[in-house]
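Source file: model.cif (mmCIF, C-alpha atoms)
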data_data
#
loop_
_atom_site.label_atom_id
_atom_site.label_comp_id
_atom_site.auth_asym_id
_atom_site.auth_seq_id
_atom_site.Cartn_x
_atom_site.Cartn_y
_atom_site.Cartn_z
CA MET E 19 0.00 0.00 0.00
CA LYS E 20 1.34 3.39 -0.95
CA ARG E 21 2.03 5.56 2.04
CA ASP E 22 2.34 9.33 2.09
CA ARG E 23 5.49 10.41 3.83
CA LYS E 24 5.61 13.46 5.98
CA PRO E 25 6.67 16.44 3.86
CA SER E 26 10.01 18.02 4.63
CA THR E 27 10.35 21.45 6.20
CA GLN E 28 11.31 22.85 2.80
CA THR E 29 8.24 21.34 1.14
CA LEU E 30 6.00 22.80 3.80
CA SER E 31 7.68 26.16 3.41
CA LEU E 32 7.16 26.01 -0.36
CA LEU E 33 3.53 24.99 0.01
CA GLY E 34 3.03 27.83 2.48
CA VAL E 35 4.43 30.40 0.06
CA LEU E 36 2.37 29.09 -2.85
CA LEU E 37 -0.71 29.04 -0.67
CA GLU E 38 -0.36 32.73 0.19
CA GLN E 39 -1.63 33.63 -3.28
CA PRO E 40 -2.90 30.35 -4.66
CA ARG E 41 -4.10 31.77 -7.99
CA SER E 42 -0.92 33.70 -8.77
CA TRP E 43 1.79 32.29 -11.01
CA ARG E 44 5.29 32.46 -9.54
CA HIS E 45 8.75 31.97 -11.03
CA GLY E 46 11.24 29.45 -9.69
CA TYR E 47 13.71 32.13 -8.65
CA ASP E 48 10.94 34.13 -7.02
CA ILE E 49 9.90 31.06 -5.02
CA SER E 50 13.53 30.38 -4.14
CA ILE E 51 13.90 33.90 -2.72
CA ALA E 52 10.56 33.75 -0.88
CA THR E 53 11.31 30.40 0.76
CA ALA E 54 15.10 30.74 1.04
CA ILE E 55 15.30 27.30 -0.60
CA LYS E 56 18.25 26.79 -2.94
CA SER E 57 17.64 25.60 -6.47
CA GLY E 58 19.17 22.20 -5.67
CA THR E 59 16.35 21.53 -3.23
CA LEU E 60 13.63 23.59 -4.85
CA TYR E 61 13.41 21.88 -8.23
CA PRO E 62 13.23 18.29 -6.97
CA ILE E 63 10.31 19.38 -4.77
CA LEU E 64 8.62 21.20 -7.66
CA MET E 65 9.06 18.10 -9.83
CA ARG E 66 7.56 15.82 -7.20
CA LEU E 67 4.63 18.13 -6.61
CA SER E 68 4.05 18.40 -10.33
CA ASP E 69 4.29 14.61 -10.77
CA ARG E 70 1.55 14.19 -8.22
CA GLY E 71 -0.69 16.79 -9.83
CA PHE E 72 -0.41 19.28 -7.00
CA LEU E 73 1.30 21.88 -9.12
CA GLU E 74 0.50 23.32 -12.52
CA HIS E 75 3.03 25.12 -14.62
CA LYS E 76 3.26 27.02 -17.87
CA TRP E 77 5.67 29.17 -19.83
CA GLN E 78 5.23 32.89 -19.41
CA GLY E 79 6.67 35.29 -21.97
CA SER E 80 9.12 37.91 -20.83
CA ASP E 81 8.93 41.63 -21.59
CA THR E 82 12.64 41.75 -22.19
CA ALA E 83 14.71 39.90 -24.76
CA ARG E 84 15.26 37.16 -22.24
CA PRO E 85 13.65 33.75 -22.66
CA PRO E 86 10.18 32.88 -21.33
CA ARG E 87 10.05 31.67 -17.76
CA HIS E 88 8.45 28.63 -16.23
CA VAL E 89 5.81 29.69 -13.70
CA TYR E 90 4.00 27.64 -11.11
CA ARG E 91 0.93 27.62 -8.94
CA LEU E 92 -1.00 25.09 -6.91
CA THR E 93 -3.84 23.16 -8.45
CA ALA E 94 -7.08 22.86 -6.50
CA GLY E 95 -5.91 19.47 -5.28
CA GLY E 96 -2.52 20.93 -4.49
CA ALA E 97 -4.05 23.72 -2.45
CA ALA E 98 -6.10 21.20 -0.49
CA TYR E 99 -3.01 19.07 0.03
CA ALA E 100 -1.04 22.13 1.13
CA ARG E 101 -3.71 23.18 3.62
CA ALA E 102 -3.93 19.68 5.02
CA GLN E 103 -0.17 19.31 5.39
CA ILE E 104 0.29 22.73 6.91
CA ALA E 105 -2.57 22.13 9.31
CA ALA E 106 -1.00 18.83 10.27
CA ASN E 107 2.26 20.60 10.87
CA GLU E 108 0.96 23.78 12.49
CA TRP E 109 4.36 25.11 13.33
CA ALA E 110 5.23 25.27 9.65
CA ARG E 111 2.90 28.24 9.20
CA VAL E 112 5.62 30.52 10.48
CA LEU E 113 8.27 29.17 8.14
CA PRO E 114 7.68 31.47 5.15
CA THR E 115 7.83 34.47 7.43
CA LEU E 116 10.96 33.20 9.09
CA SER E 117 12.54 32.47 5.73
CA ARG E 118 11.84 35.97 4.47
CA SER E 119 13.26 37.50 7.62
CA ARG E 120 16.44 35.50 7.04
CA GLY E 121 16.68 36.50 3.42
CA MET Z 26 23.34 40.19 -17.14
CA ASN Z 27 26.94 40.37 -18.15
CA PRO Z 28 27.73 37.35 -20.32
CA GLN Z 29 31.44 38.19 -20.39
CA THR Z 30 32.46 37.37 -16.85
CA ASN Z 31 34.25 34.11 -16.17
CA SER Z 32 31.91 33.33 -13.30
CA ARG Z 33 28.94 33.63 -15.64
CA ARG Z 34 30.64 31.50 -18.27
CA ILE Z 35 31.39 28.74 -15.78
CA ALA Z 36 27.87 28.89 -14.40
CA SER Z 37 26.48 28.72 -17.92
CA ALA Z 38 28.61 25.65 -18.61
CA LEU Z 39 27.26 24.05 -15.45
CA MET Z 40 23.73 24.72 -16.65
CA ASN Z 41 24.56 23.03 -19.96
CA CYS Z 42 25.95 20.03 -18.08
CA SER Z 43 22.81 19.90 -15.98
CA ALA Z 44 20.63 19.74 -19.07
CA GLN Z 45 22.68 16.84 -20.40
CA LEU Z 46 22.34 14.93 -17.15
CA LEU Z 47 18.59 15.13 -16.77
CA PRO Z 48 16.58 12.14 -18.02
CA ALA Z 49 14.66 12.77 -21.24
CA HIS Z 50 11.28 13.00 -19.54
CA ARG Z 51 12.58 15.85 -17.38
CA ILE Z 52 14.06 17.91 -20.17
CA GLY Z 53 11.38 20.59 -19.80
CA TRP Z 54 12.63 21.18 -16.28
CA ALA Z 55 16.14 21.74 -17.60
CA ARG Z 56 14.75 24.51 -19.83
CA ALA Z 57 12.86 25.96 -16.85
CA MET Z 58 16.00 26.08 -14.73
CA ARG Z 59 17.96 27.58 -17.59
CA ALA Z 60 15.35 30.28 -18.14
CA GLU Z 61 15.52 31.29 -14.47
CA PHE Z 62 19.30 31.32 -14.68
CA ASP Z 63 19.14 33.70 -17.62
CA HIS Z 64 16.99 36.07 -15.56
CA ILE Z 65 19.41 36.28 -12.63
CA ASP Z 66 21.58 39.33 -13.05
CA ASN Z 67 23.87 38.84 -10.08
CA ASP Z 68 26.75 36.59 -11.15
CA ARG Z 69 27.30 35.14 -7.71
CA ARG Z 70 23.65 34.21 -7.32
CA ALA Z 71 23.62 32.84 -10.84
CA ALA Z 72 26.60 30.62 -9.99
CA SER Z 73 24.89 29.40 -6.84
CA TRP Z 74 21.73 28.74 -8.87
CA ALA Z 75 23.72 26.77 -11.45
CA VAL Z 76 25.38 24.60 -8.81
CA GLY Z 77 21.98 23.85 -7.28
CA CYS Z 78 20.57 22.96 -10.68
CA LEU Z 79 23.49 20.63 -11.30
CA LEU Z 80 22.79 18.89 -8.00
CA THR Z 81 19.12 18.61 -8.93
CA CYS Z 82 19.99 17.00 -12.23
CA ILE Z 83 22.43 14.56 -10.63
CA LYS Z 84 19.72 13.58 -8.13
CA GLU Z 85 17.17 13.07 -10.90
CA ARG Z 86 19.58 11.09 -13.05
CA THR Z 87 20.49 8.89 -10.10
CA TYR Z 88 16.83 8.40 -9.22
CA SER Z 89 15.89 7.43 -12.76
CA MET Z 90 18.82 5.02 -12.98
CA ILE Z 91 17.91 3.34 -9.70
CA HIS Z 92 14.21 3.11 -10.42
CA GLY Z 93 14.40 2.88 -14.19
CA ASP Z 94 16.12 0.36 -16.42
CA LEU Z 95 19.76 1.36 -15.73
CA LYS Z 96 20.11 2.35 -19.35
CA VAL Z 97 22.82 4.90 -19.94
CA SER Z 98 24.21 6.44 -23.09
CA ARG Z 99 26.66 4.38 -25.09
CA TRP Z 100 29.32 7.03 -24.42
CA LEU Z 101 29.03 6.25 -20.74
CA LEU Z 102 28.55 2.50 -21.08
CA ALA Z 103 31.72 2.04 -23.15
CA PRO Z 104 34.18 3.42 -20.55
CA GLU Z 105 32.23 1.70 -17.80
CA MET Z 106 32.65 -1.66 -19.50
CA LEU Z 107 36.35 -0.97 -20.11
CA LEU Z 108 36.81 -0.14 -16.46
CA CYS Z 109 34.97 -3.27 -15.35
CA PHE Z 110 36.51 -5.84 -17.67
CA VAL Z 111 39.91 -4.63 -18.85
CA PRO Z 112 41.72 -5.54 -15.58
CA LEU Z 113 40.36 -9.10 -15.80
CA SER Z 114 41.31 -9.26 -19.48
CA LEU Z 115 44.84 -8.12 -18.67
CA LEU Z 116 45.08 -10.82 -16.01
CA TRP Z 117 43.98 -13.38 -18.59
CA LEU Z 118 46.51 -12.08 -21.11
CA ASP Z 119 49.22 -12.15 -18.47
CA GLY Z 120 48.36 -15.72 -17.50
CA ILE Z 121 48.43 -16.83 -21.11
CA ASP Z 122 51.26 -14.96 -22.75
CA ALA Z 123 53.57 -13.48 -20.11
CA ALA Z 124 57.09 -14.76 -19.51
CA SER Z 125 55.71 -17.40 -17.13
CA GLY Z 126 52.34 -17.70 -18.88
CA LEU Z 127 50.68 -20.93 -19.87
CA LEU Z 128 51.88 -20.67 -23.44
CA ARG Z 129 55.50 -20.65 -22.23
CA LEU Z 130 55.13 -23.81 -20.19
CA ASN Z 131 56.64 -27.06 -21.38
CA SER Z 132 57.32 -30.32 -19.64
CA ALA Z 133 60.83 -29.29 -18.62
CA VAL Z 134 59.65 -26.03 -17.07
CA ILE Z 135 56.72 -27.72 -15.35
CA HIS Z 136 58.92 -30.37 -13.82
CA LYS Z 137 61.62 -27.92 -12.80
CA TYR Z 138 59.49 -25.13 -11.36
CA PHE Z 139 56.21 -26.76 -10.37
CA ILE Z 140 56.36 -30.52 -9.93
CA GLY Z 141 59.75 -30.53 -8.27
CA VAL Z 142 58.98 -27.68 -5.86
CA PRO Z 143 56.91 -28.02 -2.67
CA GLY Z 144 53.49 -26.51 -3.32
CA GLY Z 145 54.38 -25.99 -6.95
CA ALA Z 146 51.69 -28.30 -8.27
CA ALA Z 147 49.01 -26.46 -6.29
CA PHE Z 148 50.33 -23.17 -7.61
CA LEU Z 149 50.19 -24.48 -11.18
CA VAL Z 150 46.60 -25.62 -10.69
CA SER Z 151 45.58 -22.28 -9.19
CA MET Z 152 47.30 -20.48 -12.07
CA ILE Z 153 45.45 -22.53 -14.67
CA ALA Z 154 42.17 -22.09 -12.80
CA GLY Z 155 42.77 -18.34 -12.54
CA VAL Z 156 43.42 -18.07 -16.28
CA MET Z 157 40.29 -20.09 -17.04
CA LEU Z 158 38.15 -17.85 -14.83
CA ALA Z 159 39.77 -14.72 -16.21
CA THR Z 160 38.79 -15.80 -19.73
CA ILE Z 161 35.44 -14.24 -18.93
CA GLY Z 162 37.17 -10.83 -19.07
CA PRO Z 163 37.76 -10.68 -22.85
CA ILE Z 164 34.49 -12.53 -23.46
CA ALA Z 165 32.61 -9.91 -21.46
CA LEU Z 166 34.39 -7.12 -23.30
CA ILE Z 167 33.36 -8.61 -26.64
CA ALA Z 168 29.77 -9.08 -25.46
CA ALA Z 169 29.66 -5.56 -24.04
CA PHE Z 170 30.93 -3.88 -27.18
CA ARG Z 171 28.69 -6.07 -29.31
CA MET Z 172 25.82 -4.66 -27.30
CA ILE Z 173 27.15 -1.10 -27.43
CA LEU Z 174 27.82 -1.09 -31.16
CA MET Z 175 25.17 -3.45 -32.48
CA ARG Z 176 22.59 -3.30 -29.68
CA THR Z 177 22.71 -7.09 -29.40
CA PRO Z 178 21.60 -8.24 -25.95
CA ILE Z 179 23.21 -11.17 -24.16
CA THR Z 180 20.66 -13.96 -24.37
CA ASN Z 181 22.76 -17.09 -23.91
CA ALA Z 182 21.92 -18.47 -20.48
CA TRP Z 183 25.35 -20.05 -19.94
CA LEU Z 184 27.13 -16.85 -20.81
CA ARG Z 185 24.87 -14.89 -18.48
CA ILE Z 186 25.67 -17.26 -15.63
CA ALA Z 187 29.39 -17.28 -16.44
CA LEU Z 188 29.58 -13.48 -16.55
CA ILE Z 189 28.40 -13.25 -12.97
CA ALA Z 190 29.78 -16.50 -11.57
CA ALA Z 191 33.37 -16.38 -12.86
CA PRO Z 192 34.41 -13.13 -11.14
CA ILE Z 193 32.61 -14.18 -7.95
CA VAL Z 194 34.38 -17.55 -7.92
CA TYR Z 195 37.69 -15.85 -8.68
CA GLY Z 196 37.23 -13.48 -5.76
CA MET Z 197 36.12 -16.20 -3.36
CA VAL Z 198 38.96 -18.53 -4.31
CA SER Z 199 41.50 -15.71 -3.98
CA VAL Z 200 40.26 -14.80 -0.52
CA THR Z 201 40.15 -18.45 0.51
CA LEU Z 202 43.70 -19.11 -0.67
CA ARG Z 203 44.91 -16.04 1.16
CA ALA Z 204 43.06 -17.13 4.27
CA VAL Z 205 44.72 -20.56 4.08
CA GLU Z 206 48.08 -18.89 3.64
CA THR Z 207 47.88 -16.08 6.17
CA GLY Z 208 45.03 -17.07 8.49
CA ALA Z 209 43.40 -14.27 10.43
CA ALA Z 210 45.74 -11.76 8.86
CA THR Z 211 43.67 -12.00 5.68
CA PHE Z 212 41.39 -9.29 6.97
CA ASP Z 213 44.13 -7.24 8.56
CA PHE Z 214 43.77 -4.19 6.36
CA ALA Z 215 46.81 -2.58 7.95
CA SER Z 216 49.19 -5.26 6.71
CA ALA Z 217 51.81 -4.35 4.14
CA ASP Z 218 50.25 -6.12 1.17
CA ALA Z 219 46.60 -5.58 2.13
CA PHE Z 220 46.16 -2.75 -0.37
CA ASP Z 221 47.58 -4.82 -3.24
CA PHE Z 222 45.42 -7.80 -2.41
CA TRP Z 223 42.12 -5.99 -1.84
CA SER Z 224 42.56 -3.62 -4.75
CA GLY Z 225 43.11 -6.77 -6.84
CA ILE Z 226 39.88 -8.24 -5.51
CA PHE Z 227 38.09 -4.99 -6.31
CA LEU Z 228 39.43 -4.77 -9.87
CA LEU Z 229 39.26 -8.46 -10.74
CA SER Z 230 36.14 -9.55 -8.91
CA VAL Z 231 33.92 -6.74 -7.62
CA LEU Z 232 34.04 -4.46 -10.66
CA PRO Z 233 33.49 -7.30 -13.17
CA VAL Z 234 30.49 -8.52 -11.17
CA LEU Z 235 29.00 -5.03 -11.12
CA GLY Z 236 29.68 -4.56 -14.83
CA ALA Z 237 28.17 -7.95 -15.64
CA ALA Z 238 25.10 -7.17 -13.55
CA HIS Z 239 24.64 -3.93 -15.49
CA LEU Z 240 25.08 -5.72 -18.82
CA LEU Z 241 22.55 -8.39 -17.88
CA ARG Z 242 20.09 -5.79 -16.68
CA LEU Z 243 20.41 -3.98 -20.00
CA SER Z 244 20.06 -7.24 -21.88
CA ALA Z 245 16.86 -8.01 -20.03
CA ASN Z 246 15.37 -4.68 -21.01
CA PRO Z 247 16.88 -3.79 -24.38
CA LEU Z 248 13.94 -1.92 -25.80
CA SER Z 249 13.37 0.50 -22.98
CA THR Z 250 14.33 4.12 -23.24
CA ARG Z 251 16.48 6.31 -21.06
CA GLU Z 252 13.47 7.68 -19.28
CA LEU Z 253 11.36 6.23 -16.54
CA PRO Z 254 8.68 3.95 -17.92
CA ALA Z 255 5.19 5.37 -18.07
CA GLY Z 256 3.25 4.69 -14.94
CA THR Z 257 6.32 4.52 -12.73
CA ALA Z 258 5.27 5.46 -9.24
CA ALA Z 259 6.03 9.05 -8.43
CA LYS Z 260 8.75 9.56 -5.87
CA PRO Z 261 7.28 10.46 -2.50
CA ILE Z 262 7.35 14.13 -1.66
CA ARG Z 263 9.69 14.84 1.19
#
Would you put the structure from the file into structure tokens?
Amino acid sequence: MKRDRKPSTQTLSLLGVLLEQPRSWRHGYDISIATAIKSGTLYPILMRLSDRGFLEHKWQGSDTARPPRHVYRLTAGGAAYARAQIAANEWARVLPTLSRSRG
Amino acid sequence: MNPQTNSRRIASALMNCSAQLLPAHRIGWARAMRAEFDHIDNDRRAASWAVGCLLTCIKERTYSMIHGDLKVSRWLLAPEMLLCFVPLSLLWLDGIDAASGLLRLNSAVIHKYFIGVPGGAAFLVSMIAGVMLATIGPIALIAAFRMILMRTPITNAWLRIALIAAPIVYGMVSVTLRAVETGAATFDFASADAFDFWSGIFLLSVLPVLGAAHLLRLSANPLSTRELPAGTAAKPIR
């Protein structure tokens, strides 16, 4: 039987940040700054969340000559999952705030 | 963004490496990471981002290799097979054609150096047995490069068994003979010749077994792709 493992602190922090504005699209670097999670940890989490259908993503054109960026937001299921996980780990609610204060 | 700085160039090269490492089904993520990298103006942060992306890609590649079909590119498989089987092949060549190799033996030499010397007969037998077991080295190399160049899997059951069994038997016999000779000192890793002996076991037994296991795994799944098969269970979120 498949068993859900307890999300890591970084995953909870990421879910918390995405849940702040669940309908807004956010860039990877933006999320990295907001959560203080390095890219080496951030992208595996984004991939896992996306694999499980908790995250939707699309390419967003840039105003400058730079390439389009990949943007992310929680799906409805992802938002429910995020709320459930954060509620189950109440202390994690403060993590995004703490992360920003560190950054 | 200043594309001229060395730091930026190195970071950009790391991003390119990252993209090469990611499994095919993750290639969109490589583009996503690259796009973010191109939007980071600060060179130091860009370098840190690139290192993180490289780590991500190594993790993903490792994950897909462990949970996938162990299929790697032919450019990686070729040196891997050389590393695994060339030492055993050199041992075989040495046992056959060196100054004291089997081809140089004649009745006079055998009687003078083996039959007439205490323990010589046992040494001769172990030498012949070692050469016979080491024959799997060149055979494995041929089979490996046949697979690499012609994509021909190893289907012969006897060969499959021999590829795994011969290096294991060689290693076990070597350790046993050393144990008979030196007793408890066999596992004294601080002894003077411990490095020579155990590095020999690693090169001539452990590596060939690992290489053979990889070859057999590839042979069992020759049609699969480099990516995780569809329907593979998603990795748990942690």
Residue IDs satisfying the PyMOL selection byres ((chain E) within 6 of (chain Z)), as a compact mmCIF listing (two decimals) with C-alpha atoms, keeping the file's coordinate frame:
# COMPACT_ATOMS: atom_id res chain seq x y z
CA PRO E 25 6.67 16.44 3.86
CA SER E 26 10.01 18.02 4.63
CA SER E 57 17.64 25.60 -6.47
CA GLY E 58 19.17 22.20 -5.67
CA ARG E 66 7.56 15.82 -7.20
CA PRO E 85 13.65 33.75 -22.66
CA ARG E 87 10.05 31.67 -17.76
CA HIS E 88 8.45 28.63 -16.23
Identify, on the basis of all atoms listed in the file, every residue whose closest approach to Thr180 in chain Z does not exceed 12 Å; exclude the query and any residue fewer than 4 positions from it along the same chain; express the result as a list in words.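 Using all atoms listed in the file, the neighbours found are Ala168, Met172, Leu184, Arg185, Ile186, Leu188, Leu240, Leu241, Arg242, Leu243, Ser244, Ala245, Asn246 and Pro247 of chain Z.
Among the candidate residues Z:Leu107, Z:Ala182, Z:Ile173, Z:Ala71, the one lying nearest to Ile35 in chain Z is Z:Ala71, with distances computed using only C-alpha atoms.
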Do you have the CA of Ser125 in chain Z-CA of Met152 in chain Z distance handy?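 Computing the Euclidean distance for CA of Ser125 in chain Z and CA of Met152 in chain Z yields 10.3 Å.
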Would you mind telling me which residue in E:Leu32, E:Arg101, E:Trp77, E:Asn107 lies nearest to Lys56 in chain E when using only C-alpha atoms? E:Leu32
If you apply the PyMOL selection byres ((chain E and resi 48-53) around 7) to this file, what residues do you get, as a list in words? Ser31, Leu32, Val35, Arg44, His45, Gly46, Tyr47, Ala54, Ile55, Lys56, Ser57, Leu60, Pro114, Ser117 and Arg118 of chain E
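If you look at CA of Ile179 in chain Z and CA of Gly236 in chain Z, they are 13.1 Å away from each other.
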Taking the file as shown, what set of residues would the PyMOL selection byres ((chain E and resi 76) around 8) give back, as a ChimeraX atom specification? /E:74-75,77-78,88-90
Students should find that CA of Asp119 in chain Z and CA of Leu158 in chain Z are spaced 13.0 Å
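In terms of minimum interatomic distance to Pro62 in chain E, Z:Leu47 ranks closest within Z:Met106, Z:Val134, Z:Val205, Z:Leu47, counting only C-alpha atoms.
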For a cut-off of 8 Å around (26.3, 0.3, -25.9), file coordinates, pick out all residues using only C-alpha atoms and list them as number ranges by chain. Z: 98-100, 102-103, 169-176
